[in-house]
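What's in structure_14.cif: mmCIF, C-alpha atoms
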data_target
#
loop_
_atom_site.label_atom_id
_atom_site.label_comp_id
_atom_site.auth_asym_id
_atom_site.auth_seq_id
_atom_site.Cartn_x
_atom_site.Cartn_y
_atom_site.Cartn_z
CA MET A 1 -5.44 -20.31 -37.53
CA TYR A 2 -8.42 -19.24 -35.44
CA PHE A 3 -7.37 -21.64 -32.65
CA SER A 4 -3.88 -20.11 -32.31
CA GLY A 5 -5.39 -16.60 -32.18
CA ALA A 6 -7.74 -17.68 -29.39
CA ILE A 7 -4.85 -19.24 -27.46
CA SER A 8 -2.78 -16.05 -27.84
CA THR A 9 -5.69 -13.94 -26.59
CA LEU A 10 -6.23 -16.25 -23.62
CA ILE A 11 -2.55 -16.15 -22.66
CA LEU A 12 -2.48 -12.34 -22.91
CA ALA A 13 -5.60 -12.09 -20.71
CA LEU A 14 -4.05 -14.37 -18.09
CA ILE A 15 -0.83 -12.37 -18.04
CA LEU A 16 -2.64 -9.04 -17.71
CA SER A 17 -4.96 -10.29 -14.98
CA ALA A 18 -2.02 -11.41 -12.87
CA CYS A 19 -0.10 -8.12 -12.99
CA SER A 20 1.82 -7.34 -9.86
CA TYR A 21 3.52 -4.12 -8.88
CA PRO A 22 6.81 -3.70 -7.01
CA MET A 23 7.20 -2.37 -3.50
CA THR A 24 10.06 -2.14 -1.03
CA MET A 25 10.13 -2.37 2.73
CA SER A 26 12.99 -0.81 4.72
CA SER A 27 13.92 -1.30 8.34
CA ALA A 28 15.48 1.27 10.65
CA ASP A 29 18.69 -0.80 10.43
CA GLY A 30 18.94 0.01 6.72
CA ASP A 31 17.86 -3.43 5.51
CA LYS A 32 15.73 -3.39 2.34
CA PHE A 33 13.29 -6.08 1.38
CA ALA A 34 11.63 -6.53 -2.00
CA GLY A 35 7.97 -7.24 -2.40
CA ARG A 36 5.01 -6.93 -4.68
CA TYR A 37 1.28 -6.37 -4.57
CA ARG A 38 -1.63 -6.92 -6.88
CA PHE A 39 -5.22 -5.85 -6.90
CA GLY A 40 -8.11 -8.17 -6.21
CA ARG A 41 -11.80 -7.56 -6.13
CA GLU A 42 -13.94 -5.34 -3.93
CA ASP A 43 -11.24 -2.72 -3.25
CA SER A 44 -8.76 -5.23 -1.90
CA GLY A 45 -5.60 -6.99 -2.96
CA VAL A 46 -2.70 -9.17 -1.88
CA MET A 47 0.81 -8.23 -0.74
CA GLN A 48 3.90 -10.40 -0.54
CA ILE A 49 7.23 -9.27 0.92
CA HIS A 50 10.43 -11.25 1.35
CA GLY A 51 11.25 -9.98 4.81
CA PRO A 52 13.89 -10.36 7.48
CA GLU A 53 15.75 -13.67 7.62
CA ASN A 54 14.21 -14.73 4.28
CA GLU A 55 10.74 -14.96 5.78
CA VAL A 56 7.94 -14.64 3.26
CA LEU A 57 5.21 -12.30 4.54
CA VAL A 58 1.84 -12.52 2.82
CA GLY A 59 -1.45 -10.78 3.51
CA ARG A 60 -4.48 -9.03 2.20
CA PHE A 61 -4.99 -5.27 2.06
CA ILE A 62 -8.36 -3.55 2.05
CA ARG A 63 -9.35 -0.03 1.13
CA VAL A 64 -10.68 2.10 4.00
CA ASP A 65 -11.76 5.73 4.28
CA ARG A 66 -9.40 8.38 5.57
CA THR A 67 -10.92 8.69 9.04
CA VAL A 68 -10.56 4.98 9.82
CA PHE A 69 -7.04 4.98 8.36
CA THR A 70 -5.84 8.02 10.33
CA GLU A 71 -7.23 6.72 13.61
CA GLY A 72 -5.54 3.34 13.16
CA TYR A 73 -2.26 4.91 12.03
CA GLU A 74 -2.06 7.26 15.01
CA LYS A 75 -3.02 4.49 17.41
CA THR A 76 -0.20 2.32 16.08
CA PHE A 77 2.56 4.91 15.51
CA GLY A 78 1.62 7.80 17.80
CA ARG A 79 -0.29 11.02 17.60
CA GLY A 80 0.96 13.59 15.09
CA THR A 81 2.88 11.09 12.94
CA ILE A 82 0.60 11.71 9.97
CA GLU A 83 -1.19 14.78 8.67
CA THR A 84 -3.85 14.92 5.98
CA ASP A 85 -4.88 17.99 4.07
CA GLY A 86 -7.84 18.72 1.81
CA PRO A 87 -11.28 17.16 1.55
CA ASP A 88 -11.73 13.49 2.37
CA LEU A 89 -12.38 12.04 -1.08
CA SER A 90 -11.74 8.43 -0.08
CA ARG A 91 -15.37 7.65 0.61
CA TYR A 92 -16.71 8.99 -2.69
CA GLY A 93 -16.63 6.59 -5.59
CA SER A 94 -13.64 4.78 -6.96
CA ALA A 95 -10.10 5.61 -5.91
CA PHE A 96 -9.38 6.11 -9.59
CA GLY A 97 -12.31 8.49 -10.21
CA GLY A 98 -10.11 11.49 -10.99
CA LEU A 99 -7.67 9.55 -13.12
CA LEU A 100 -9.50 10.22 -16.35
CA GLY A 101 -11.49 13.22 -15.15
CA SER A 102 -10.78 16.90 -15.55
CA SER A 103 -7.96 18.73 -13.82
CA SER A 104 -10.42 20.52 -11.54
CA VAL A 105 -10.89 17.46 -9.35
CA SER A 106 -10.26 18.28 -5.68
CA HIS A 107 -6.94 17.15 -4.25
CA GLU A 108 -5.95 15.55 -1.00
CA THR A 109 -2.41 15.53 0.30
CA ALA A 110 -0.90 13.25 2.93
CA TYR A 111 2.45 13.75 4.64
CA THR A 112 4.39 11.47 6.90
CA ASP A 113 7.23 12.43 9.22
CA ALA A 114 10.84 11.62 8.38
CA LEU A 115 10.47 8.44 10.46
CA ALA A 116 12.94 8.87 13.28
CA GLY A 117 15.56 6.16 13.16
CA PHE A 118 15.28 5.60 9.41
CA ALA A 119 18.63 6.97 8.27
CA GLY A 120 18.60 8.92 5.03
CA GLN A 121 14.87 8.62 4.47
CA PRO A 122 13.19 12.03 4.15
CA ALA A 123 9.61 12.97 4.89
CA LYS A 124 7.29 11.86 2.13
CA ALA A 125 4.12 13.30 0.57
CA VAL A 126 1.55 12.12 -1.96
CA SER A 127 -1.20 14.18 -3.63
CA GLY A 128 -4.28 13.67 -5.73
CA PRO A 129 -7.33 11.67 -4.96
CA LEU A 130 -5.79 9.29 -2.43
CA PHE A 131 -6.50 5.70 -1.58
CA TYR A 132 -5.93 4.32 1.92
CA TRP A 133 -5.10 0.68 2.55
CA MET A 134 -4.78 -1.31 5.75
CA ALA A 135 -3.08 -4.71 5.66
CA SER A 136 -2.14 -7.53 7.94
CA LEU A 137 0.82 -9.64 6.82
CA GLN A 138 1.80 -12.97 8.30
CA GLY A 139 5.05 -14.79 7.81
CA ASP A 140 5.86 -18.44 7.56
CA ARG A 141 7.78 -18.08 10.87
CA ARG A 142 4.92 -16.42 12.76
CA VAL A 143 5.92 -12.78 12.29
CA VAL A 144 2.85 -10.56 12.00
CA LEU A 145 2.91 -7.03 10.56
CA GLY A 146 0.17 -4.41 10.66
CA CYS A 147 0.57 -2.08 7.68
CA TYR A 148 -0.90 1.28 6.69
CA LEU A 149 -0.46 2.45 3.08
CA ILE A 150 -1.44 5.65 1.25
CA GLY A 151 -1.23 6.10 -2.50
CA SER A 152 -2.07 8.62 -5.19
CA SER A 153 -4.65 7.68 -7.77
CA TYR A 154 -2.83 9.92 -10.26
CA THR A 155 0.61 8.34 -10.02
CA GLY A 156 -0.04 4.99 -8.37
CA ASN A 157 2.89 5.74 -6.06
CA GLY A 158 2.68 5.87 -2.32
CA PHE A 159 4.17 5.14 1.06
CA GLY A 160 3.34 3.37 4.24
CA ARG A 161 4.51 1.97 7.50
CA CYS A 162 4.34 -1.43 9.10
CA LYS A 163 4.84 -2.52 12.68
CA SER A 164 5.49 -6.05 13.92
CA GLN A 165 4.03 -7.58 17.03
CA SER A 166 7.45 -7.12 18.67
CA GLY A 167 7.41 -3.36 17.92
CA ARG A 168 9.87 -3.33 15.01
CA GLU A 169 8.95 -0.71 12.42
CA PHE A 170 9.32 -0.72 8.66
CA ARG A 171 8.80 1.85 5.93
CA VAL A 172 7.08 0.81 2.70
CA ASP A 173 7.42 2.54 -0.67
CA PHE A 174 5.47 1.66 -3.81
#

Written form, C-alpha cells:
Amino acid sequence: MYFSGAISTLILALILSACSYPMTMSSADGDKFAGRYRFGREDSGVMQIHGPENEVLVGRFIRVDRTVFTEGYEKTFGRGTIETDGPDLSRYGSAFGGLLGSSSVSHETAYTDALAGFAGQPAKAVSGPLFYWMASLQGDRRVVLGCYLIGSSYTGNGFGRCKSQSGREFRVDF
C-alpha cells in the first residue's frame, strides 16, 4: 500500500517537473509552426520548434535585463521596432515577483510593431512585470535562428521575433 503511494507520488513529480508550454512561430508567408518551451534552472529554459521543411529547431533561452534585450532586438530588427514603457523591473528579483504580490506593483509595458509583411498579424503588447528572453535555436539541417521574447509575469503570455542567418523573419507567440 505504501509502495504504490510512493510510486504515484514519484510519477506525479516527474510529470510536473517536465511541464512544457505551447508556442507558435509564424513566417511572413503565412506558414505556422508549432513548438513548446519549458523552464530550466538559473533563469533559463529550452525551446523546440518544428520549423520549415519539418526541421526541428532546438535551443536554450536565457533571461536578460531590458537594456540588453532592447539593444539586441534593435540591432537585429532595426531601430524603432520595439518600444518599452515604465520602469525597468527586469533586473530586480524574480520575474514572478509581482505574481503573488499586491496590485500596487509597478508595471512595464512592451509593444512591437505590426511586423510589416506578416499579413493579418496586428501590433502586440504585454504588460506587468515583464521577463525578457534571448535564445539561439539550431536545426538539424543547419538553420540557425536568433530569437527575442518578451512575456508578462502576470499572464505568462508573450511575443517575440526570430531571424535566421539568411534573413528570414518569424513571429513567435506564447

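Put simply, CA of Leu145 (chain A) is 18.0 Å away from CA of Arg38 (chain A).
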
Note to self: One decimal, in Å: what's the spacing between CA of Gly40 (chain A) and CA of Phe77 (chain A)?
What the structure shows: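 About the pair CA of Gly40 (chain A) and CA of Phe77 (chain A): they are 27.5 Å apart.
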
Checklist line | Given the PyMOL selection byres ((chain A and resi 153) around 6), the residues it picks as number ranges by chain | finding: A: 96, 129-130, 152, 154-156

Notebook entry, point to check: Could you state the separation of CA of Phe170 (chain A) and CA of Gly78 (chain A) in Å, given to one decimal place?
Noted result: 14.7 Å

Give me the residues within 10 Å of Gly72 (chain A) as a compact mmCIF listing (two decimals) with C-alpha atoms, in the frame of the given file, counting only C-alpha atoms and dropping any in the same chain fewer than 6 places off.
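Contents of out_23.txt, freshly written:
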# COMPACT_ATOMS: atom_id res chain seq x y z
CA ARG A 66 -9.40 8.38 5.57
CA GLY A 78 1.62 7.80 17.80
CA MET A 134 -4.78 -1.31 5.75
CA GLY A 146 0.17 -4.41 10.66
CA CYS A 147 0.57 -2.08 7.68
CA TYR A 148 -0.90 1.28 6.69

Next item on the list: In the coordinates of the file, take the point (2.4, -15.3, 10.1) and a cut-off of 10 Å; then, counting all atoms listed in the file, name each qualifying protein, DNA or RNA residue as a PyMOL selection string.
Entry: chain A and resi 55-59+136-145

Margin query: List the spatial neighbours of Ala34 (chain A) as a ChimeraX atom specification - criterion: any atom at most 9 Å away, all atoms listed in the file, same-chain residues fewer than 3 positions off excluded.
Written below: /A:22-26,48-51

Please evaluate the PyMOL selection byres ((chain A and resi 158) around 7) against the structure above and give the resulting residues as a JSON list (two decimals) with C-alpha atoms, keeping the file's coordinate frame.
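What follows is the written file result.json:
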[["chain", "number", "residue", "atom", "x", "y", "z"],
["A", 126, "VAL", "CA", 1.55, 12.12, -1.96],
["A", 150, "ILE", "CA", -1.44, 5.65, 1.25],
["A", 151, "GLY", "CA", -1.23, 6.10, -2.50],
["A", 152, "SER", "CA", -2.07, 8.62, -5.19],
["A", 156, "GLY", "CA", -0.04, 4.99, -8.37],
["A", 157, "ASN", "CA", 2.89, 5.74, -6.06],
["A", 159, "PHE", "CA", 4.17, 5.14, 1.06],
["A", 173, "ASP", "CA", 7.42, 2.54, -0.67],
["A", 174, "PHE", "CA", 5.47, 1.66, -3.81]]

Next item on the list: Find, counting all atoms listed in the file, the residue in A:Ala123, A:Val68, A:Ile62, A:Ala110 that gets nearest to Met47 (chain A).
Entry: A:Ile62

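Minimum atom-to-atom distance to Glu83 (chain A), evaluated using only C-alpha atoms, belongs to A:Thr109 out of A:Gln165, A:Asn54, A:Thr109, A:Ser127.
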
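Restricting the calculation to all atoms listed in the file, the smallest distance between Phe33 (chain A) and any of A:Val46, A:Ala135, A:Tyr21, A:Pro52 is found for A:Pro52.
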
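Residue neighbourhood of Glu42 (chain A), excluding near-sequence residues (fewer than 3 positions): A:Phe39, A:Gly45, A:Ile62, A:Arg63, at 10 Å, using only C-alpha atoms.
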
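For the set A:Ile82, A:Cys19, A:Ala125, A:Ala28, the residue with the smallest atom-to-atom gap to Glu169 (chain A) is A:Ala28, counting all atoms listed in the file.
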